[in-house]
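Enquirer: Sending over my_file.txt (compact mmCIF, N, CA and C atoms).
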```txt
# COMPACT_ATOMS: atom_id res chain seq x y z
N MET A 1 -72.35 119.66 -5.38
CA MET A 1 -71.41 120.75 -5.17
C MET A 1 -70.89 121.25 -6.52
N ARG A 2 -70.64 122.55 -6.59
CA ARG A 2 -70.17 123.14 -7.84
C ARG A 2 -68.75 122.68 -8.15
N ARG A 3 -68.48 122.56 -9.45
CA ARG A 3 -67.12 122.21 -9.86
C ARG A 3 -66.15 123.35 -9.61
N ASN A 4 -66.58 124.57 -9.91
CA ASN A 4 -65.73 125.74 -9.70
C ASN A 4 -66.32 126.59 -8.58
N PRO A 5 -65.64 126.66 -7.46
CA PRO A 5 -66.17 127.47 -6.35
C PRO A 5 -66.34 128.93 -6.78
N VAL A 6 -67.43 129.52 -6.34
CA VAL A 6 -67.68 130.91 -6.70
C VAL A 6 -66.79 131.84 -5.88
N LEU A 7 -66.47 132.96 -6.47
CA LEU A 7 -65.70 133.98 -5.79
C LEU A 7 -66.62 134.72 -4.82
N ILE A 8 -66.13 134.97 -3.62
CA ILE A 8 -66.87 135.72 -2.63
C ILE A 8 -66.17 137.06 -2.43
N LEU A 9 -66.93 138.13 -2.62
CA LEU A 9 -66.42 139.48 -2.44
C LEU A 9 -66.93 140.00 -1.10
N ILE A 10 -66.01 140.42 -0.25
CA ILE A 10 -66.37 140.88 1.09
C ILE A 10 -66.07 142.37 1.19
N ALA A 11 -67.12 143.15 1.48
CA ALA A 11 -66.97 144.59 1.68
C ALA A 11 -66.94 144.86 3.18
N GLU A 12 -65.77 145.17 3.68
CA GLU A 12 -65.55 145.34 5.13
C GLU A 12 -64.44 146.36 5.34
N ASP A 13 -64.73 147.41 6.10
CA ASP A 13 -63.73 148.47 6.29
C ASP A 13 -62.74 148.16 7.41
N ASP A 14 -63.08 147.29 8.34
CA ASP A 14 -62.22 147.03 9.48
C ASP A 14 -61.19 145.93 9.16
N ALA A 15 -59.91 146.28 9.24
CA ALA A 15 -58.84 145.33 8.89
C ALA A 15 -58.87 144.08 9.76
N ASP A 16 -59.16 144.24 11.05
CA ASP A 16 -59.24 143.08 11.95
C ASP A 16 -60.38 142.16 11.56
N ASP A 17 -61.53 142.74 11.18
CA ASP A 17 -62.67 141.93 10.75
C ASP A 17 -62.38 141.21 9.43
N ARG A 18 -61.62 141.86 8.54
CA ARG A 18 -61.23 141.19 7.29
C ARG A 18 -60.36 139.99 7.59
N LEU A 19 -59.40 140.16 8.49
CA LEU A 19 -58.52 139.06 8.87
C LEU A 19 -59.31 137.92 9.53
N LEU A 20 -60.21 138.27 10.44
CA LEU A 20 -61.04 137.25 11.08
C LEU A 20 -61.89 136.49 10.07
N ALA A 21 -62.45 137.21 9.10
CA ALA A 21 -63.25 136.56 8.06
C ALA A 21 -62.40 135.59 7.26
N GLU A 22 -61.21 136.02 6.89
CA GLU A 22 -60.29 135.16 6.14
C GLU A 22 -59.96 133.89 6.94
N GLU A 23 -59.67 134.07 8.22
CA GLU A 23 -59.35 132.92 9.07
C GLU A 23 -60.56 132.02 9.27
N ALA A 24 -61.75 132.60 9.39
CA ALA A 24 -62.97 131.79 9.56
C ALA A 24 -63.26 130.98 8.30
N PHE A 25 -63.04 131.56 7.13
CA PHE A 25 -63.22 130.81 5.88
C PHE A 25 -62.22 129.66 5.81
N ALA A 26 -60.98 129.92 6.19
CA ALA A 26 -59.96 128.85 6.19
C ALA A 26 -60.34 127.75 7.16
N GLU A 27 -60.76 128.12 8.36
CA GLU A 27 -61.17 127.15 9.37
C GLU A 27 -62.39 126.34 8.92
N SER A 28 -63.24 126.97 8.14
CA SER A 28 -64.46 126.30 7.64
C SER A 28 -64.17 125.38 6.46
N ARG A 29 -62.96 125.46 5.95
CA ARG A 29 -62.51 124.63 4.83
C ARG A 29 -63.32 124.85 3.55
N LEU A 30 -63.73 126.09 3.35
CA LEU A 30 -64.40 126.42 2.09
C LEU A 30 -63.32 126.78 1.08
N GLY A 31 -63.45 126.28 -0.12
CA GLY A 31 -62.43 126.50 -1.13
C GLY A 31 -62.67 127.71 -1.99
N ASN A 32 -63.52 128.61 -1.54
CA ASN A 32 -63.84 129.78 -2.35
C ASN A 32 -62.72 130.81 -2.30
N GLU A 33 -62.48 131.44 -3.44
CA GLU A 33 -61.56 132.56 -3.47
C GLU A 33 -62.26 133.74 -2.81
N LEU A 34 -61.53 134.45 -1.97
CA LEU A 34 -62.06 135.64 -1.31
C LEU A 34 -61.37 136.87 -1.87
N ARG A 35 -62.13 137.90 -2.08
CA ARG A 35 -61.59 139.22 -2.42
C ARG A 35 -62.20 140.20 -1.43
N PHE A 36 -61.45 141.24 -1.11
CA PHE A 36 -61.91 142.23 -0.13
C PHE A 36 -61.88 143.63 -0.72
N VAL A 37 -62.89 144.40 -0.40
CA VAL A 37 -62.91 145.83 -0.65
C VAL A 37 -63.21 146.50 0.68
N GLN A 38 -62.82 147.79 0.79
CA GLN A 38 -62.87 148.44 2.10
C GLN A 38 -64.05 149.36 2.34
N ASP A 39 -64.82 149.65 1.30
CA ASP A 39 -66.00 150.49 1.49
C ASP A 39 -66.91 150.37 0.27
N GLY A 40 -68.04 151.05 0.34
CA GLY A 40 -69.01 150.95 -0.74
C GLY A 40 -68.53 151.51 -2.06
N VAL A 41 -67.75 152.58 -2.01
CA VAL A 41 -67.21 153.16 -3.25
C VAL A 41 -66.32 152.14 -3.94
N GLU A 42 -65.42 151.53 -3.19
CA GLU A 42 -64.52 150.53 -3.76
C GLU A 42 -65.31 149.31 -4.25
N LEU A 43 -66.35 148.94 -3.54
CA LEU A 43 -67.21 147.82 -3.96
C LEU A 43 -67.81 148.09 -5.34
N ILE A 44 -68.38 149.26 -5.52
CA ILE A 44 -69.00 149.60 -6.80
C ILE A 44 -67.95 149.70 -7.90
N GLU A 45 -66.79 150.26 -7.60
CA GLU A 45 -65.70 150.30 -8.60
C GLU A 45 -65.30 148.89 -9.00
N TYR A 46 -65.17 148.00 -8.03
CA TYR A 46 -64.82 146.61 -8.32
C TYR A 46 -65.87 145.99 -9.23
N LEU A 47 -67.14 146.11 -8.86
CA LEU A 47 -68.21 145.47 -9.62
C LEU A 47 -68.36 146.04 -11.03
N ARG A 48 -68.07 147.31 -11.18
CA ARG A 48 -68.17 147.95 -12.50
C ARG A 48 -66.84 147.96 -13.24
N ARG A 49 -65.82 147.35 -12.64
CA ARG A 49 -64.48 147.27 -13.22
C ARG A 49 -63.97 148.65 -13.61
N ALA A 50 -64.02 149.54 -12.64
CA ALA A 50 -63.60 150.92 -12.84
C ALA A 50 -62.40 151.23 -11.96
N GLY A 51 -61.77 152.36 -12.21
CA GLY A 51 -60.64 152.79 -11.39
C GLY A 51 -59.54 151.75 -11.38
N ARG A 52 -59.07 151.40 -10.20
CA ARG A 52 -57.96 150.44 -10.09
C ARG A 52 -58.37 149.02 -10.50
N TYR A 53 -59.65 148.79 -10.75
CA TYR A 53 -60.13 147.48 -11.17
C TYR A 53 -60.42 147.40 -12.67
N ALA A 54 -59.95 148.39 -13.42
CA ALA A 54 -60.24 148.47 -14.85
C ALA A 54 -59.43 147.48 -15.68
N GLU A 55 -58.28 147.07 -15.18
CA GLU A 55 -57.43 146.13 -15.93
C GLU A 55 -58.15 144.79 -16.11
N PRO A 56 -58.04 144.16 -17.28
CA PRO A 56 -58.65 142.85 -17.47
C PRO A 56 -58.18 141.85 -16.41
N GLY A 57 -59.11 141.15 -15.82
CA GLY A 57 -58.79 140.16 -14.82
C GLY A 57 -58.64 140.70 -13.40
N ALA A 58 -58.68 142.02 -13.24
CA ALA A 58 -58.48 142.62 -11.91
C ALA A 58 -59.69 142.44 -11.01
N ALA A 59 -60.86 142.22 -11.62
CA ALA A 59 -62.08 142.16 -10.82
C ALA A 59 -63.02 141.07 -11.36
N PRO A 60 -62.68 139.80 -11.12
CA PRO A 60 -63.59 138.75 -11.57
C PRO A 60 -64.94 138.88 -10.86
N ARG A 61 -65.98 138.55 -11.58
CA ARG A 61 -67.34 138.72 -11.06
C ARG A 61 -67.57 137.78 -9.87
N PRO A 62 -68.04 138.36 -8.75
CA PRO A 62 -68.32 137.51 -7.59
C PRO A 62 -69.64 136.76 -7.77
N GLY A 63 -69.73 135.61 -7.12
CA GLY A 63 -70.98 134.87 -7.09
C GLY A 63 -71.79 135.22 -5.85
N LEU A 64 -71.13 135.87 -4.88
CA LEU A 64 -71.77 136.24 -3.63
C LEU A 64 -71.02 137.42 -3.04
N ILE A 65 -71.77 138.37 -2.48
CA ILE A 65 -71.17 139.53 -1.80
C ILE A 65 -71.57 139.47 -0.34
N LEU A 66 -70.59 139.59 0.55
CA LEU A 66 -70.84 139.78 1.98
C LEU A 66 -70.60 141.25 2.27
N LEU A 67 -71.61 141.92 2.81
CA LEU A 67 -71.60 143.38 2.90
C LEU A 67 -71.79 143.87 4.32
N ASP A 68 -70.81 144.63 4.80
CA ASP A 68 -70.95 145.32 6.08
C ASP A 68 -71.78 146.58 5.83
N LEU A 69 -72.55 147.01 6.82
CA LEU A 69 -73.36 148.22 6.64
C LEU A 69 -72.59 149.49 6.98
N ASN A 70 -71.79 149.45 8.03
CA ASN A 70 -71.16 150.66 8.55
C ASN A 70 -69.76 150.81 7.98
N MET A 71 -69.68 151.52 6.85
CA MET A 71 -68.40 151.75 6.19
C MET A 71 -68.29 153.22 5.81
N PRO A 72 -67.06 153.74 5.71
CA PRO A 72 -66.88 155.14 5.30
C PRO A 72 -67.15 155.33 3.81
N ARG A 73 -67.21 156.56 3.41
CA ARG A 73 -67.43 157.02 2.03
C ARG A 73 -68.80 156.64 1.50
N MET A 74 -69.10 155.34 1.39
CA MET A 74 -70.43 154.89 0.99
C MET A 74 -70.75 153.69 1.86
N GLY A 75 -71.81 153.81 2.64
CA GLY A 75 -72.21 152.73 3.53
C GLY A 75 -72.81 151.55 2.77
N GLY A 76 -73.01 150.47 3.48
CA GLY A 76 -73.51 149.25 2.88
C GLY A 76 -74.89 149.36 2.26
N GLN A 77 -75.79 150.08 2.92
CA GLN A 77 -77.14 150.19 2.35
C GLN A 77 -77.16 151.00 1.08
N GLU A 78 -76.35 152.05 1.02
CA GLU A 78 -76.27 152.83 -0.22
C GLU A 78 -75.65 151.98 -1.33
N ALA A 79 -74.61 151.23 -1.01
CA ALA A 79 -74.00 150.35 -2.01
C ALA A 79 -74.99 149.28 -2.47
N LEU A 80 -75.74 148.71 -1.53
CA LEU A 80 -76.76 147.71 -1.88
C LEU A 80 -77.79 148.30 -2.82
N SER A 81 -78.20 149.52 -2.56
CA SER A 81 -79.17 150.21 -3.43
C SER A 81 -78.62 150.37 -4.85
N VAL A 82 -77.35 150.75 -4.96
CA VAL A 82 -76.71 150.92 -6.28
C VAL A 82 -76.64 149.57 -7.00
N ILE A 83 -76.24 148.52 -6.29
CA ILE A 83 -76.11 147.19 -6.89
C ILE A 83 -77.45 146.70 -7.42
N LYS A 84 -78.48 146.81 -6.61
CA LYS A 84 -79.79 146.27 -6.99
C LYS A 84 -80.50 147.11 -8.05
N ALA A 85 -80.05 148.36 -8.24
CA ALA A 85 -80.61 149.21 -9.30
C ALA A 85 -79.91 149.00 -10.63
N ASP A 86 -78.80 148.30 -10.64
CA ASP A 86 -78.00 148.10 -11.85
C ASP A 86 -78.36 146.76 -12.49
N PRO A 87 -78.91 146.76 -13.71
CA PRO A 87 -79.32 145.51 -14.35
C PRO A 87 -78.19 144.51 -14.54
N ASP A 88 -76.95 144.98 -14.62
CA ASP A 88 -75.81 144.08 -14.79
C ASP A 88 -75.35 143.45 -13.47
N LEU A 89 -75.77 144.01 -12.35
CA LEU A 89 -75.29 143.56 -11.05
C LEU A 89 -76.37 142.98 -10.15
N ARG A 90 -77.61 143.29 -10.41
CA ARG A 90 -78.69 142.98 -9.46
C ARG A 90 -78.87 141.51 -9.14
N ARG A 91 -78.41 140.61 -10.01
CA ARG A 91 -78.58 139.18 -9.73
C ARG A 91 -77.55 138.61 -8.77
N ILE A 92 -76.52 139.38 -8.48
CA ILE A 92 -75.51 138.90 -7.53
C ILE A 92 -76.14 138.93 -6.13
N PRO A 93 -76.20 137.78 -5.45
CA PRO A 93 -76.77 137.78 -4.10
C PRO A 93 -75.88 138.57 -3.14
N VAL A 94 -76.53 139.39 -2.34
CA VAL A 94 -75.83 140.19 -1.34
C VAL A 94 -76.33 139.79 0.04
N VAL A 95 -75.40 139.33 0.86
CA VAL A 95 -75.70 138.97 2.24
C VAL A 95 -75.14 140.08 3.13
N VAL A 96 -76.02 140.76 3.83
CA VAL A 96 -75.58 141.79 4.77
C VAL A 96 -75.08 141.06 6.01
N MET A 97 -73.85 141.38 6.41
CA MET A 97 -73.23 140.76 7.58
C MET A 97 -72.62 141.90 8.39
N THR A 98 -73.29 142.24 9.48
CA THR A 98 -72.94 143.46 10.19
C THR A 98 -73.10 143.29 11.69
N THR A 99 -72.60 144.24 12.44
CA THR A 99 -72.75 144.19 13.90
C THR A 99 -74.13 144.66 14.33
N SER A 100 -74.87 145.28 13.44
CA SER A 100 -76.18 145.83 13.79
C SER A 100 -77.20 144.73 14.08
N HIS A 101 -78.04 145.01 15.07
CA HIS A 101 -79.20 144.18 15.37
C HIS A 101 -80.47 145.01 15.22
N ALA A 102 -80.33 146.24 14.70
CA ALA A 102 -81.44 147.18 14.64
C ALA A 102 -82.50 146.73 13.63
N GLU A 103 -83.73 146.70 14.06
CA GLU A 103 -84.84 146.31 13.19
C GLU A 103 -84.89 147.20 11.96
N GLU A 104 -84.60 148.47 12.12
CA GLU A 104 -84.60 149.41 11.00
C GLU A 104 -83.59 148.99 9.93
N ASP A 105 -82.39 148.57 10.36
CA ASP A 105 -81.36 148.12 9.42
C ASP A 105 -81.78 146.83 8.72
N ILE A 106 -82.40 145.93 9.46
CA ILE A 106 -82.87 144.67 8.88
C ILE A 106 -83.92 144.94 7.82
N LEU A 107 -84.95 145.71 8.17
CA LEU A 107 -86.04 146.00 7.23
C LEU A 107 -85.52 146.73 6.00
N ARG A 108 -84.70 147.75 6.20
CA ARG A 108 -84.19 148.52 5.06
C ARG A 108 -83.31 147.65 4.16
N SER A 109 -82.50 146.78 4.74
CA SER A 109 -81.65 145.91 3.93
C SER A 109 -82.49 144.99 3.04
N TYR A 110 -83.52 144.40 3.61
CA TYR A 110 -84.39 143.54 2.80
C TYR A 110 -85.16 144.36 1.77
N ASP A 111 -85.62 145.55 2.15
CA ASP A 111 -86.32 146.40 1.20
C ASP A 111 -85.44 146.76 0.01
N LEU A 112 -84.14 146.88 0.25
CA LEU A 112 -83.20 147.23 -0.82
C LEU A 112 -82.77 146.02 -1.64
N GLY A 113 -83.15 144.82 -1.22
CA GLY A 113 -82.84 143.65 -2.03
C GLY A 113 -81.82 142.69 -1.46
N ALA A 114 -81.47 142.83 -0.19
CA ALA A 114 -80.53 141.88 0.41
C ALA A 114 -81.12 140.48 0.38
N ALA A 115 -80.27 139.49 0.14
CA ALA A 115 -80.71 138.10 0.12
C ALA A 115 -80.83 137.56 1.54
N SER A 116 -80.02 138.08 2.45
CA SER A 116 -80.02 137.66 3.85
C SER A 116 -79.45 138.78 4.69
N PHE A 117 -79.79 138.76 5.98
CA PHE A 117 -79.23 139.71 6.95
C PHE A 117 -78.72 138.89 8.12
N ILE A 118 -77.43 139.01 8.41
CA ILE A 118 -76.81 138.25 9.49
C ILE A 118 -76.11 139.22 10.43
N SER A 119 -76.41 139.12 11.71
CA SER A 119 -75.66 139.89 12.71
C SER A 119 -74.39 139.11 13.01
N LYS A 120 -73.26 139.81 12.95
CA LYS A 120 -71.96 139.16 13.16
C LYS A 120 -71.89 138.56 14.57
N PRO A 121 -71.45 137.32 14.66
CA PRO A 121 -71.25 136.73 15.99
C PRO A 121 -70.13 137.45 16.73
N VAL A 122 -70.17 137.36 18.05
CA VAL A 122 -69.17 138.06 18.85
C VAL A 122 -67.91 137.23 19.08
N THR A 123 -67.98 135.91 18.83
CA THR A 123 -66.80 135.06 19.02
C THR A 123 -66.31 134.53 17.68
N PHE A 124 -65.03 134.17 17.64
CA PHE A 124 -64.47 133.59 16.43
C PHE A 124 -65.15 132.26 16.12
N GLU A 125 -65.42 131.45 17.16
CA GLU A 125 -66.09 130.16 16.95
C GLU A 125 -67.48 130.37 16.34
N GLY A 126 -68.17 131.39 16.81
CA GLY A 126 -69.48 131.72 16.25
C GLY A 126 -69.37 132.13 14.79
N LEU A 127 -68.34 132.90 14.47
CA LEU A 127 -68.13 133.33 13.09
C LEU A 127 -67.84 132.13 12.20
N VAL A 128 -67.04 131.20 12.67
CA VAL A 128 -66.74 129.99 11.90
C VAL A 128 -68.04 129.22 11.62
N GLU A 129 -68.90 129.10 12.61
CA GLU A 129 -70.18 128.39 12.43
C GLU A 129 -71.06 129.10 11.40
N VAL A 130 -71.10 130.43 11.46
CA VAL A 130 -71.88 131.19 10.48
C VAL A 130 -71.32 131.00 9.08
N ILE A 131 -69.99 131.04 8.94
CA ILE A 131 -69.35 130.87 7.63
C ILE A 131 -69.62 129.46 7.10
N ARG A 132 -69.54 128.46 7.96
CA ARG A 132 -69.87 127.09 7.53
C ARG A 132 -71.30 127.01 7.01
N ALA A 133 -72.23 127.60 7.75
CA ALA A 133 -73.64 127.58 7.34
C ALA A 133 -73.83 128.34 6.04
N LEU A 134 -73.18 129.49 5.91
CA LEU A 134 -73.24 130.25 4.66
C LEU A 134 -72.71 129.42 3.50
N GLY A 135 -71.57 128.79 3.72
CA GLY A 135 -70.98 127.96 2.68
C GLY A 135 -71.89 126.83 2.28
N HIS A 136 -72.46 126.16 3.26
CA HIS A 136 -73.36 125.05 2.96
C HIS A 136 -74.57 125.54 2.15
N TYR A 137 -75.19 126.61 2.62
CA TYR A 137 -76.39 127.12 1.96
C TYR A 137 -76.09 127.68 0.56
N TRP A 138 -75.16 128.64 0.48
CA TRP A 138 -74.91 129.34 -0.78
C TRP A 138 -74.09 128.54 -1.78
N MET A 139 -73.26 127.61 -1.32
CA MET A 139 -72.39 126.89 -2.24
C MET A 139 -72.88 125.48 -2.56
N GLU A 140 -73.75 124.91 -1.72
CA GLU A 140 -74.20 123.54 -1.94
C GLU A 140 -75.69 123.41 -2.22
N ILE A 141 -76.50 124.28 -1.66
CA ILE A 141 -77.95 124.15 -1.79
C ILE A 141 -78.52 125.05 -2.87
N VAL A 142 -78.17 126.32 -2.83
CA VAL A 142 -78.75 127.33 -3.71
C VAL A 142 -78.17 127.21 -5.13
N GLU A 143 -79.01 127.41 -6.11
CA GLU A 143 -78.56 127.52 -7.51
C GLU A 143 -78.28 128.99 -7.79
N LEU A 144 -77.04 129.30 -8.05
CA LEU A 144 -76.66 130.67 -8.40
C LEU A 144 -76.57 130.81 -9.90
N PRO A 145 -76.89 132.01 -10.43
CA PRO A 145 -76.76 132.21 -11.87
C PRO A 145 -75.31 132.17 -12.31
N ASP A 146 -75.06 131.56 -13.45
CA ASP A 146 -73.70 131.51 -14.00
C ASP A 146 -73.56 132.68 -14.96
N GLU A 147 -72.95 133.75 -14.49
CA GLU A 147 -72.83 134.95 -15.30
C GLU A 147 -71.37 135.31 -15.51
N SER A 148 -70.50 134.33 -15.48
CA SER A 148 -69.07 134.60 -15.68
C SER A 148 -68.83 135.00 -17.10
```
Is it possible to express this structure as structure tokens?
Expert:
Amino acid sequence: MRRNPVLILIAEDDADDRLLAEEAFAESRLGNELRFVQDGVELIEYLRRAGRYAEPGAAPRPGLILLDLNMPRMGGQEALSVIKADPDLRRIPVVVMTTSHAEEDILRSYDLGAASFISKPVTFEGLVEVIRALGHYWMEIVELPDES
């Protein structure tokens, strides 16, 4: 297990889903710091330390991004495309976590460079199980680049 838990950045426009994610992480007992952005535009600003994230320390680099597809201003797939085209950001693993089950969304997400595609569970218990599995895989098994 890593000595310093990686920061997880969650791009999710729905306030209730953000709260559920926060509660599921707490229930899963993962010690990762969570940060939230509300759409793709804010996600890219955060990652590039622009706008309200320009102050030093306002936007620590995430080790993992959880990305919803259906967001206003800039959707998840467009944001994923921007991230994977940027040499400074492309190594950050992006896990698409969305309500979609559409084959088109799955294929396009992987084509754009998503590390995983997960359809959001419909129950809180299911979400906790998914978060536990994500934590185990991404925080204990996978070697992530240290780019802090």
Enquirer: Would you mind reading off the distance between CA of Asp68 (chain A) and CA of Val82 (chain A), one decimal, in Å?
Expert: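 Computed distance, CA of Asp68 (chain A) to CA of Val82 (chain A), equals 14.7 Å.
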Enquirer: I'd like the interatomic distance between CA of Leu64 (chain A) and CA of Thr123 (chain A), to a tenth of an Å.
Expert: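 Result for CA of Leu64 (chain A) versus CA of Thr123 (chain A): 23.2 Å, one decimal.
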Enquirer: Could you name the residues that touch region 94-96 of chain A at 5 Å or less, counting all atoms listed in the file, but leaving out those on the same chain fewer than 5 positions away, as a list in words?
Expert: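 What passes the distance filter is Ile65, Leu66, Leu67, Ala114, Ala115, Ser116, Phe117 and Ile118 of chain A.
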Enquirer: Using all atoms listed in the file, which residues sit within 8 Å of Ala58 (chain A) once same-chain residues fewer than 5 positions away are excluded, as a ChimeraX atom specification?
Expert: /A:46,49,52-53
Enquirer: Find the distance between atom N of Leu30 (chain A) and atom C of Leu89 (chain A) and write it in Å to one decimal.
Expert: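 Atom C of Leu89 (chain A) lies at a distance of 25.0 Å from atom N of Leu30 (chain A).
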